[in-house]
Amino acid sequence: MRSTKRGSAVMATLRDDESVQMRMEALDYLAARSVDHELLRRTILEQESMGDPALMVRLAEYRN
């Protein structure tokens, strides 16, 4: 259960945090734990911010 709460908090950071650096850290954390890339992509796109292009590039790196 603790892992699920941490994952939810990190997903919220990825979606909602204003800091691109924090969102990058959240993406790295989630991708390292094999979270579904489509779910990560949708989560990134839910929030329109200046960090989205950088996050999408980082996410694409995990697919390769």
# chains A, B, ... in the order shown; residues from 1 in each chain; ligands from 1
call {"tool": "residues_around", "arguments": {"residues": "Gln21 in chain A", "least_positions_apart": "2", "cutoff": "12 Å", "atoms": "only C-alpha atoms", "output": "JSON, numbers by chain"}}
result
{"A": [13, 14, 17, 18, 19, 23, 24, 25, 26, 27, 28, 50, 51, 52, 54, 55, 58]}
call {"tool": "select_by_dssp", "arguments": {"residues": "chain A", "states": "alpha helix (DSSP H)", "output": "ChimeraX atom specification"}}
result
/A:2-16,20-32,37-46,52-63
